[in-house]
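Student: Data: data10.csv, CSV, C-alpha atoms.
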```csv
chain,number,residue,atom,x,y,z
A,1,MET,CA,62.6,121.1,117.5
A,2,ALA,CA,61.8,118.7,114.6
A,3,PHE,CA,64.6,116.4,113.3
A,4,CYS,CA,66.1,117.5,110.0
A,5,LEU,CA,68.6,115.1,108.4
A,6,ASP,CA,70.4,117.9,106.5
A,7,ASP,CA,71.3,119.6,109.8
A,8,TRP,CA,73.5,116.7,110.8
A,9,LEU,CA,75.2,115.9,107.5
A,10,ASP,CA,78.5,117.3,106.2
A,11,PRO,CA,77.7,118.6,102.7
A,12,ASN,CA,81.3,118.3,101.7
A,13,LYS,CA,81.1,114.5,102.2
A,14,LEU,CA,77.8,114.2,100.4
A,15,GLN,CA,79.3,115.9,97.3
A,16,GLN,CA,81.9,113.2,97.0
A,17,THR,CA,81.4,110.4,94.5
A,18,SER,CA,79.6,107.3,95.9
A,19,LEU,CA,81.7,104.3,96.9
A,20,GLN,CA,79.0,102.1,95.5
A,21,LEU,CA,79.7,100.5,92.1
A,22,ASN,CA,77.8,102.0,89.3
A,23,TYR,CA,76.3,98.6,88.6
A,24,ARG,CA,72.9,97.0,88.6
A,25,GLU,CA,72.2,93.3,89.4
A,26,TYR,CA,71.0,91.0,86.7
A,27,PRO,CA,69.2,87.7,86.7
A,28,ASP,CA,71.2,84.5,87.2
A,29,ASP,CA,70.9,83.5,83.6
A,30,PHE,CA,73.2,86.4,82.6
A,31,ILE,CA,76.9,85.6,82.0
A,32,GLN,CA,78.9,87.6,84.5
A,33,LEU,CA,82.1,88.9,82.8
A,34,ALA,CA,82.2,92.3,84.5
A,35,LEU,CA,83.4,91.8,88.1
A,36,MET,CA,86.7,89.9,87.7
A,37,GLU,CA,85.6,86.9,89.7
A,38,ASN,CA,86.8,83.3,89.6
A,39,PRO,CA,84.2,81.7,87.3
A,40,PHE,CA,84.5,78.2,88.6
A,41,SER,CA,82.3,76.7,91.3
A,42,TRP,CA,83.1,73.7,93.6
A,43,SER,CA,82.3,70.1,93.0
A,44,GLU,CA,79.3,68.7,94.9
A,45,ASP,CA,81.6,66.6,97.0
A,46,LEU,CA,83.7,69.5,98.1
A,47,ARG,CA,80.7,71.6,98.8
A,48,ALA,CA,79.3,68.8,101.0
A,49,GLN,CA,82.6,68.8,102.9
A,50,TRP,CA,82.4,72.5,103.4
A,51,LEU,CA,78.9,72.5,104.6
A,52,LYS,CA,79.9,69.8,107.1
A,53,VAL,CA,82.5,72.2,108.5
A,54,LEU,CA,80.0,75.0,108.8
A,55,GLU,CA,77.7,72.8,110.8
A,56,SER,CA,80.3,72.8,113.5
A,57,VAL,CA,80.5,76.6,113.8
A,58,ALA,CA,78.9,77.8,117.0
A,59,LEU,CA,76.7,80.7,115.7
A,60,ASN,CA,75.7,81.7,119.2
A,61,ARG,CA,79.3,82.5,120.1
A,62,TYR,CA,81.4,85.4,119.0
A,63,PRO,CA,84.2,84.6,116.5
A,64,SER,CA,87.8,84.5,117.4
A,65,ILE,CA,89.0,88.0,118.2
A,66,SER,CA,92.7,87.2,117.3
A,67,GLN,CA,92.0,84.9,114.3
A,68,GLN,CA,95.4,83.4,115.2
A,69,LEU,CA,94.9,80.0,113.7
A,70,LEU,CA,94.0,81.3,110.3
A,71,LYS,CA,96.8,83.9,110.4
A,72,GLN,CA,99.3,81.1,111.2
A,73,LYS,CA,98.1,79.1,108.3
A,74,LEU,CA,98.3,82.0,105.9
A,75,CYS,CA,101.9,82.7,107.0
A,76,HIS,CA,102.7,79.0,106.4
A,77,PHE,CA,101.0,78.9,103.0
A,78,PHE,CA,102.5,82.1,101.6
A,79,ASN,CA,105.9,82.0,103.3
A,80,ILE,CA,105.4,85.2,105.1
A,81,PRO,CA,108.6,86.2,107.0
A,82,ASP,CA,108.6,85.3,110.7
A,83,ASP,CA,109.0,88.9,111.9
A,84,TYR,CA,106.0,90.1,109.8
A,85,PHE,CA,102.4,90.1,111.1
A,86,VAL,CA,99.1,89.6,109.3
A,87,LEU,CA,95.9,91.6,109.8
A,88,LEU,CA,92.6,90.3,108.5
A,89,ASP,CA,89.5,92.3,107.6
A,90,ASN,CA,86.4,92.2,105.4
A,91,GLY,CA,88.0,92.4,102.0
A,92,SER,CA,90.5,94.9,100.6
A,93,ASN,CA,88.0,97.7,100.8
A,94,ALA,CA,87.7,97.4,104.6
A,95,LEU,CA,91.5,97.3,104.9
A,96,ILE,CA,91.8,100.5,102.7
A,97,ALA,CA,89.2,102.2,105.0
A,98,LEU,CA,91.1,101.1,108.1
A,99,LEU,CA,94.4,102.4,106.9
A,100,LEU,CA,92.9,105.7,105.9
A,101,ARG,CA,91.2,106.0,109.3
A,102,VAL,CA,94.4,105.1,111.2
A,103,PHE,CA,96.6,107.6,109.4
A,104,SER,CA,94.0,110.4,109.0
A,105,GLY,CA,94.9,114.0,110.0
A,106,GLU,CA,94.3,117.5,109.0
A,107,GLY,CA,95.9,118.4,105.6
A,108,ARG,CA,97.3,114.9,105.0
A,109,ASN,CA,97.9,113.7,101.5
A,110,ILE,CA,97.8,110.3,99.8
A,111,LEU,CA,99.3,109.5,96.4
A,112,VAL,CA,97.7,107.3,93.8
A,113,PRO,CA,98.6,106.5,90.1
A,114,SER,CA,95.8,107.2,87.7
A,115,PRO,CA,93.9,105.2,86.5
A,116,SER,CA,93.9,102.8,89.4
A,117,TYR,CA,91.5,101.2,91.8
A,118,PHE,CA,88.7,103.8,92.4
A,119,VAL,CA,88.3,103.1,96.1
A,120,TYR,CA,91.7,104.6,97.0
A,121,ASP,CA,90.9,108.1,96.0
A,122,ARG,CA,87.1,108.1,96.6
A,123,LEU,CA,87.3,106.9,100.1
A,124,ALA,CA,90.3,109.1,100.9
A,125,ARG,CA,88.4,112.2,99.7
A,126,GLN,CA,85.4,111.2,101.9
A,127,MET,CA,87.7,111.1,104.9
A,128,GLY,CA,89.1,114.5,104.2
A,129,TYR,CA,92.5,113.7,102.6
A,130,GLN,CA,94.1,115.7,99.9
A,131,VAL,CA,94.5,113.2,97.0
A,132,SER,CA,97.3,113.5,94.4
A,133,MET,CA,96.6,111.6,91.2
A,134,VAL,CA,99.6,111.1,88.9
A,135,ASP,CA,98.7,109.9,85.4
A,136,LEU,CA,100.3,106.8,84.0
A,137,LYS,CA,102.5,107.1,80.9
A,138,ALA,CA,101.0,106.0,77.5
A,139,ASN,CA,102.6,102.6,77.9
A,140,ARG,CA,100.6,102.1,81.2
A,141,GLU,CA,103.8,102.4,83.3
A,142,LEU,CA,104.3,104.7,86.3
A,143,ASP,CA,105.5,108.2,85.5
A,144,LEU,CA,108.4,107.8,88.0
A,145,ASN,CA,109.7,111.4,87.8
A,146,LYS,CA,106.2,112.8,88.5
A,147,MET,CA,105.6,110.3,91.3
A,148,LEU,CA,109.0,111.2,92.9
A,149,ASN,CA,108.3,115.0,92.6
A,150,ASN,CA,104.9,114.6,94.2
A,151,ILE,CA,106.4,112.6,97.1
A,152,LYS,CA,109.0,115.4,97.6
A,153,LEU,CA,106.4,118.1,97.4
A,154,ASN,CA,103.5,116.7,99.3
A,155,LYS,CA,105.0,114.0,101.6
A,156,PRO,CA,102.0,111.6,101.3
A,157,VAL,CA,101.3,109.6,104.4
A,158,LEU,CA,100.0,106.7,102.2
A,159,THR,CA,100.9,105.7,98.6
A,160,PHE,CA,98.7,103.0,97.0
A,161,ILE,CA,100.1,101.0,94.2
A,162,ALA,CA,98.0,98.1,92.7
A,163,TYR,CA,100.2,95.3,91.4
A,164,PRO,CA,98.9,94.3,88.9
A,165,ASN,CA,97.1,97.6,88.4
A,166,ASN,CA,93.3,97.7,88.1
A,167,PRO,CA,91.9,98.6,85.5
A,168,THR,CA,94.9,98.6,83.2
A,169,GLY,CA,95.8,95.0,84.0
A,170,ASN,CA,99.6,95.3,84.0
A,171,CYS,CA,102.3,95.0,86.7
A,172,PHE,CA,104.4,98.1,86.9
A,173,ASN,CA,108.2,98.1,86.6
A,174,GLU,CA,109.6,96.7,89.9
A,175,LYS,CA,112.5,99.2,90.0
A,176,ASP,CA,110.1,102.1,89.7
A,177,ILE,CA,108.1,100.8,92.6
A,178,GLU,CA,111.2,100.4,94.7
A,179,ALA,CA,112.4,103.9,93.9
A,180,ILE,CA,109.0,105.2,95.1
A,181,ILE,CA,109.3,103.1,98.3
A,182,THR,CA,112.8,104.5,99.0
A,183,ALA,CA,111.8,108.1,98.4
A,184,SER,CA,108.7,107.9,100.6
A,185,CYS,CA,108.6,109.1,104.2
A,186,GLY,CA,105.1,107.6,104.5
A,187,LEU,CA,103.8,104.1,104.0
A,188,VAL,CA,103.6,102.4,100.6
A,189,VAL,CA,100.7,99.9,100.2
A,190,ILE,CA,101.3,97.3,97.5
A,191,ASP,CA,97.8,96.0,96.6
A,192,GLU,CA,98.3,92.4,95.2
A,193,ALA,CA,94.6,91.5,94.8
A,194,TYR,CA,95.3,90.0,91.4
A,195,TYR,CA,98.5,88.2,92.5
A,196,PRO,CA,97.1,84.7,91.8
A,197,TYR,CA,97.0,85.6,88.1
A,198,SER,CA,100.3,87.5,87.8
A,199,GLN,CA,102.4,85.3,90.1
A,200,LYS,CA,104.5,88.5,90.7
A,201,THR,CA,104.8,89.7,94.3
A,202,PHE,CA,106.8,92.1,96.5
A,203,LEU,CA,106.6,89.6,99.4
A,204,GLU,CA,110.2,88.6,99.0
A,205,LYS,CA,111.3,92.3,98.9
A,206,ILE,CA,109.3,93.8,101.8
A,207,GLN,CA,112.0,93.0,104.4
A,208,ARG,CA,114.3,95.4,102.7
A,209,TYR,CA,112.1,98.3,103.7
A,210,ASP,CA,110.4,99.4,106.9
A,211,ASN,CA,107.6,101.4,105.2
A,212,VAL,CA,105.9,98.8,103.0
A,213,LEU,CA,102.5,97.0,103.6
A,214,LEU,CA,101.3,94.2,101.3
A,215,MET,CA,97.6,93.8,100.8
A,216,ARG,CA,95.9,90.7,99.3
A,217,SER,CA,92.4,89.4,99.0
A,218,PHE,CA,90.7,86.0,98.7
A,219,SER,CA,88.1,87.5,96.3
A,220,LYS,CA,89.8,87.1,92.9
A,221,MET,CA,90.9,83.6,93.5
A,222,GLY,CA,87.5,82.2,94.2
A,223,LEU,CA,86.1,83.4,97.5
A,224,ALA,CA,84.6,86.8,96.7
A,225,GLY,CA,81.5,85.9,98.6
A,226,ILE,CA,83.2,85.6,102.0
A,227,ARG,CA,84.7,89.1,101.9
A,228,LEU,CA,88.2,88.4,103.3
A,229,GLY,CA,91.4,90.3,102.8
A,230,TYR,CA,94.7,90.5,104.6
A,231,LEU,CA,97.5,93.0,105.2
A,232,VAL,CA,101.1,91.9,105.8
A,233,GLY,CA,103.7,94.2,107.4
A,234,PRO,CA,106.2,94.8,110.2
A,235,LYS,CA,104.9,93.9,113.6
A,236,THR,CA,105.0,97.4,115.0
A,237,ILE,CA,102.9,98.8,112.2
A,238,ILE,CA,100.4,95.9,112.1
A,239,ASP,CA,100.0,96.1,115.9
A,240,THR,CA,99.3,99.9,115.7
A,241,ILE,CA,96.8,99.5,112.9
A,242,SER,CA,95.0,96.7,114.8
A,243,LYS,CA,94.3,98.9,117.8
A,244,LEU,CA,91.9,100.9,115.7
A,245,GLN,CA,90.2,97.9,114.1
A,246,LEU,CA,86.7,96.9,115.2
A,247,ALA,CA,86.6,93.9,117.5
A,248,PHE,CA,85.2,90.6,116.0
A,249,SER,CA,85.5,92.1,112.5
A,250,ILE,CA,85.7,88.7,110.8
A,251,ASN,CA,82.6,86.4,111.3
A,252,SER,CA,82.9,82.8,112.2
A,253,LEU,CA,81.6,81.5,108.9
A,254,THR,CA,84.2,83.4,106.9
A,255,LEU,CA,87.0,82.2,109.2
A,256,ALA,CA,85.9,78.6,108.8
A,257,THR,CA,85.5,78.8,105.1
A,258,ALA,CA,88.9,80.4,104.6
A,259,ASP,CA,90.5,77.7,106.7
A,260,PHE,CA,88.7,75.0,104.8
A,261,MET,CA,89.8,76.3,101.4
A,262,LEU,CA,93.4,76.6,102.5
A,263,ASN,CA,93.2,72.9,103.1
A,264,HIS,CA,92.1,72.6,99.5
A,265,TYR,CA,94.4,75.2,98.1
A,266,ASP,CA,95.5,72.9,95.2
A,267,LEU,CA,92.0,73.3,93.8
A,268,LEU,CA,92.2,77.1,93.8
A,269,LEU,CA,95.6,76.9,92.1
A,270,GLU,CA,94.2,74.6,89.5
A,271,GLN,CA,91.3,76.9,88.8
A,272,THR,CA,93.6,79.9,88.6
A,273,GLN,CA,95.8,78.1,86.1
A,274,THR,CA,92.8,77.4,84.0
A,275,VAL,CA,91.8,81.0,84.0
A,276,ILE,CA,95.3,82.1,82.9
A,277,GLN,CA,95.2,79.6,80.0
A,278,GLU,CA,91.7,80.8,79.1
A,279,ARG,CA,92.9,84.5,79.3
A,280,ASP,CA,95.6,83.7,76.8
A,281,ARG,CA,93.3,81.8,74.5
A,282,LEU,CA,90.7,84.5,74.5
A,283,LYS,CA,93.3,87.2,73.9
A,284,SER,CA,94.5,85.4,70.8
A,285,ALA,CA,91.0,85.1,69.5
A,286,LEU,CA,90.0,88.7,70.1
A,287,GLU,CA,93.2,90.1,68.6
A,288,ASN,CA,91.8,89.3,65.1
A,289,ASN,CA,89.5,92.3,65.4
A,290,PHE,CA,90.3,94.1,68.6
A,291,SER,CA,93.2,95.9,70.2
A,292,VAL,CA,93.8,93.8,73.3
A,293,LEU,CA,96.1,95.0,76.1
A,294,PRO,CA,98.5,92.5,77.7
A,295,SER,CA,97.2,91.4,81.0
A,296,ASP,CA,98.6,90.1,84.3
A,297,ALA,CA,95.2,89.8,85.8
A,298,ASN,CA,92.0,87.8,85.2
A,299,TYR,CA,90.5,90.2,82.7
A,300,LEU,CA,91.3,91.8,79.3
A,301,VAL,CA,91.0,95.4,78.3
A,302,ILE,CA,89.8,95.6,74.7
A,303,ARG,CA,89.2,98.3,72.1
A,304,SER,CA,87.3,98.0,68.8
A,305,ASN,CA,88.2,100.0,65.8
A,306,ASP,CA,84.6,99.6,64.4
A,307,LEU,CA,82.4,99.9,67.5
A,308,SER,CA,82.1,102.4,70.3
A,309,PRO,CA,82.4,100.9,73.8
A,310,GLU,CA,78.8,101.8,74.4
A,311,GLN,CA,77.8,99.8,71.3
A,312,LEU,CA,79.9,96.8,72.3
A,313,HIS,CA,78.6,96.9,75.8
A,314,GLN,CA,74.9,97.1,74.6
A,315,HIS,CA,75.4,94.3,72.1
A,316,CYS,CA,76.8,92.0,74.7
A,317,LEU,CA,74.0,93.0,77.2
A,318,ALA,CA,71.4,92.2,74.6
A,319,GLN,CA,72.8,88.6,74.5
A,320,LYS,CA,72.8,88.5,78.3
A,321,ILE,CA,76.6,88.9,78.6
A,322,LEU,CA,77.9,91.4,81.1
A,323,ILE,CA,81.1,93.3,80.4
A,324,SER,CA,82.3,96.7,81.6
A,325,ASN,CA,82.5,99.9,79.6
A,326,ILE,CA,85.6,101.6,81.1
A,327,SER,CA,86.0,104.3,78.5
A,328,HIS,CA,85.0,107.0,80.9
A,329,VAL,CA,87.5,106.0,83.6
A,330,HIS,CA,90.6,107.8,82.2
A,331,PRO,CA,91.8,109.1,78.8
A,332,LEU,CA,94.3,106.3,78.7
A,333,LEU,CA,91.3,103.9,78.4
A,334,LYS,CA,89.2,105.9,76.0
A,335,GLY,CA,87.2,103.5,73.8
A,336,CYS,CA,87.9,100.5,76.0
A,337,CYS,CA,85.8,97.8,77.6
A,338,ARG,CA,87.0,95.3,80.2
A,339,VAL,CA,86.1,91.6,79.9
A,340,SER,CA,86.6,89.2,82.9
A,341,ILE,CA,87.8,85.8,82.0
A,342,GLY,CA,85.0,83.2,82.3
A,343,THR,CA,84.9,79.5,81.8
A,344,PRO,CA,85.8,78.2,78.4
A,345,ALA,CA,82.1,77.8,77.6
A,346,GLU,CA,81.4,81.4,78.6
A,347,SER,CA,84.4,82.6,76.5
A,348,GLN,CA,83.0,80.8,73.5
A,349,LEU,CA,79.6,82.4,74.0
A,350,LEU,CA,81.3,85.8,74.1
A,351,LEU,CA,83.2,85.1,70.9
A,352,ASN,CA,80.0,83.8,69.2
A,353,THR,CA,78.2,87.0,70.3
A,354,LEU,CA,80.9,89.1,68.8
A,355,SER,CA,80.6,87.2,65.5
A,356,MET,CA,76.8,87.5,65.2
A,357,PRO,CA,75.2,89.1,62.1
A,358,GLY,CA,75.3,92.9,62.4
A,359,MET,CA,78.7,92.8,64.1
A,360,PRO,CA,81.5,93.8,61.7
A,361,LEU,CA,83.7,91.0,63.1
A,362,CYS,CA,84.8,87.5,62.4
A,363,LEU,CA,86.4,85.8,65.4
A,364,VAL,CA,88.1,82.5,65.2
A,365,CYS,CA,89.3,80.6,68.2
```
Would it be possible to restate this file's structure as C-alpha cells?
Tutor:
Amino acid sequence: MAFCLDDWLDPNKLQQTSLQLNYREYPDDFIQLALMENPFSWSEDLRAQWLKVLESVALNRYPSISQQLLKQKLCHFFNIPDDYFVLLDNGSNALIALLLRVFSGEGRNILVPSPSYFVYDRLARQMGYQVSMVDLKANRELDLNKMLNNIKLNKPVLTFIAYPNNPTGNCFNEKDIEAIITASCGLVVIDEAYYPYSQKTFLEKIQRYDNVLLMRSFSKMGLAGIRLGYLVGPKTIIDTISKLQLAFSINSLTLATADFMLNHYDLLLEQTQTVIQERDRLKSALENNFSVLPSDANYLVIRSNDLSPEQLHQHCLAQKILISNISHVHPLLKGCCRVSIGTPAESQLLLNTLSMPGMPLCLVC
C-alpha cells in the first residue's frame, strides 16, 4: 500500500489556525518595530567577552540536565522564595506547550481573556482543549464577573493572564487577578514576559496561593535570540511538570549566554530604562495626531483618525519601517497599529516618516 500523508493526519488539528506568526522576513536595512524586542545591541568589548565564554563550551557534550547553576542564579537575582522552584525551557511558547501537555485531558477547559497572547488559545485548541475566551471591558480591564462566572461553570484547568497584557499593553487590576486566583480550582499562570518594562509583578504575592505559576522570558529584555523562558512555582507543581519535559531541553550555548548576561545584568537594566524613557517620549510626540493607549510594555498601541491601519502600515513599510497592523485581532483594537519602541534614532525616523508630504500629520518631538 502506498503512503498517503492524509491517512495519518488529524483533520481537526489541521483546521486550527497556525502557530506561526503571520509575518515575513525583511532585509536587515529595514527598521524592526514590529516584534517588541530590545533594540539595543552590545558593545564590542562585551561581545568579545561573551564570545570568550562560548569558546569554553564543550559542544561535544550534552548540556546540564538540571541547569542547577543557572536556576540558583535566577533565584538570587530575582529574590524567588526559597520554597519555590524554577523550570527552564525554550522561551515562553515552549513553557505554554509544556503546561498544556502536562494538564491535558478529555473535555478539559482553559480560560483566557480576549484579546491576549495568541499562543494560549491556538495551541490549546490544537491540543484538544475547550477554550473559553472572555472579552476585556472597553477600558482594557478584565471583566471580573464574566471571568468568575466562567470559572464556576467550566472549572478551567489552566487560566492564562498576561501581566502586562499583550497586545493591549496594560497591567490588569491586581485585585481582579487575585479574585480569579482565589476562585480557581485549577492553575492560574501569570505571564510576566513584559515585566522589565512594567516593573509590576506577582512574585511577592505567589506565596499566598498554592495554584499560581509565574512565567517570564529573557526575550523582551534583550536576549530574544537565545530562546529562554522560566516558570516559577511551588516545588510539588514544578517537580510534576518537569517529569514530562524533554531531557536536555536547553542547549549549552543558551545556558552559557544567560549566565553571562546575568553577570552583566546592570547593562540590561540600563537598556530597559532607556526603552521606558523612549516609550514615554514617543507617546508624547504621537499624541499630537494619534490616539495612543497607555502602555506598561515596550510598545505603543496607536490609532489614527485620518488613516486606516492598512494605510499607516503600508506607508511605514514603504519607508522600510516595520510596524504591526493589529486591527483584525479584536474589536477592542479596531483601527489600531502596534509600534515597538526602538532606539531614539529609530523613533525619530518613525516620526519623520509620519510627517512626510502626503501624510495628514505634523509631529513634533
Student: Measuring between all atoms listed in the file, which one of A:Asn90, A:Thr159, A:Gln311, A:Gln49 shows the shortest distance to Pro113 (chain A)?
Tutor: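 Nearest candidate to Pro113 (chain A) out of A:Asn90, A:Thr159, A:Gln311, A:Gln49: A:Thr159.
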Student: Which polymer residues have any atom within 12 Å of an atom of Asp239 (chain A), counting only C-alpha atoms, with same-chain residues fewer than 2 positions away left out, as a ChimeraX atom specification?
Tutor: /A:66,84-88,102,231-237,241-245
Student: Pick from A:Lys155, A:Phe172, A:Phe160, A:Arg24: nearest to Asp143 (chain A), with all atoms listed in the file counted?
Tutor: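 Nearest to Asp143 (chain A): A:Phe172.
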Student: Which residues come within 7 Å of Asp191 (chain A), counting all atoms listed in the file, excluding same-chain residues fewer than 4 positions away, as a list in words?
Tutor: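 Residues meeting the cut-off are Ile161, Ala162, Tyr163, Leu214, Met215 and Arg216 of chain A.
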Student: So, counting only C-alpha atoms, which residue among A:Lys283, A:Pro115, A:His315, A:Gly342 is closest to His328 (chain A)?
Tutor: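 Using only C-alpha atoms, His328 (chain A) sits closest to A:Pro115.
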Student: Could you name the residues that touch Ile302 (chain A) at 7 Å or less, counting only C-alpha atoms, but leaving out those on the same chain fewer than 3 positions away, as an MDAnalysis selection string?
Tutor: chainID A and resid 290:293 336:338
Student: Distance cut-off 12 Å, centre (76.7, 84.5, 82.4) in file coordinates, counting all atoms listed in the file: which residues qualify? Return them as an NGL selection string.
Tutor: :A and (26-35 or 37 or 39-40 or 316-317 or 319-323 or 340-350)
Student: Counting all atoms listed in the file, which of A:Val189, A:Leu158, A:Met221, A:Ala247 gets nearest to Val275 (chain A)?
Tutor: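 Smallest distance to Val275 (chain A) is found for A:Met221.
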Student: Which protein, DNA or RNA residues are at most 12 Å from (113.6, 93.3, 101.3) in the file's coordinates when you count all atoms listed in the file, listed as a count of residues only?
Tutor: 20
Student: What is the CA of Leu300 (chain A) to CA of Tyr230 (chain A) distance in Å?
Tutor: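 One can read the CA of Leu300 (chain A) to CA of Tyr230 (chain A) distance as 25.6 Å.
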Student: Using CA of Ser295 (chain A) and CA of Glu310 (chain A) as the two end points, give the distance in Å to one decimal.
Tutor: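 Distance between the two atoms: 22.1 Å.
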Student: Go through A:Cys185, A:Ala193, A:Leu148, A:Ala2 and flag the residue nearest Gly169 (chain A), using all atoms listed in the file for the distances.
Tutor: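 Under the stated criterion, the closest residue is A:Ala193.
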Student: Mind pulling up the distance from CA of Leu70 (chain A) to CA of Asp259 (chain A)?
Tutor: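 These two atoms are separated by 6.2 Å.
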Student: Point out the residue among A:Val157, A:Ile238, A:Val339, A:Leu228 with the least atom-to-atom distance to Ile250 (chain A), counting all atoms listed in the file.
Tutor: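 Counting all atoms listed in the file, the residue closest to Ile250 (chain A) is A:Leu228.
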Student: Applying 10 Å and only C-alpha atoms, which residues near Lys13 (chain A) remain after dropping the ones on its own chain fewer than 6 positions away? List them as a ChimeraX atom specification.
Tutor: /A:125-128
Student: Give me a file of those residues, with C-alpha atoms, as a PDB file, keeping the file's coordinate frame.
Tutor:
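The result, stored in out-v7.pdb:
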```pdb
ATOM      1  CA  ARG A 125      88.400 112.200  99.700  1.00  0.00           C
ATOM      2  CA  GLN A 126      85.400 111.200 101.900  1.00  0.00           C
ATOM      3  CA  MET A 127      87.700 111.100 104.900  1.00  0.00           C
ATOM      4  CA  GLY A 128      89.100 114.500 104.200  1.00  0.00           C
TER       5      GLY A 128
END
```
Student: Using all atoms listed in the file, which protein or nucleic acid residues come within 12 Å of Ile110 (chain A)? Drop anything in the same chain fewer than 6 positions from it, and give the result as a ChimeraX atom specification.
Tutor: /A:96,99-100,103-104,120-125,127-134,147,150-151,153-161,184-189
Student: What would region 250-262 of chain A look like if you wrote it out as a short mmCIF file (atom, residue, chain, number, x, y, z; two decimals), in the first residue's frame, with C-alpha atoms included, from the block I just posted?
Tutor:
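So out16.cif came out as:
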```
data_model
loop_
_atom_site.label_atom_id
_atom_site.label_comp_id
_atom_site.auth_asym_id
_atom_site.auth_seq_id
_atom_site.Cartn_x
_atom_site.Cartn_y
_atom_site.Cartn_z
CA ILE A 250 18.15 23.91 26.98
CA ASN A 251 21.30 23.89 24.87
CA SER A 252 24.73 24.68 26.32
CA LEU A 253 25.19 27.94 24.39
CA THR A 254 21.91 29.29 25.73
CA LEU A 255 22.82 28.34 29.30
CA ALA A 256 26.24 29.96 28.99
CA THR A 257 24.82 33.14 27.44
CA ALA A 258 22.12 33.54 30.09
CA ASP A 259 24.67 33.03 32.86
CA PHE A 260 27.00 35.57 31.24
CA MET A 261 24.32 38.22 30.90
CA LEU A 262 23.18 37.83 34.50
#
```
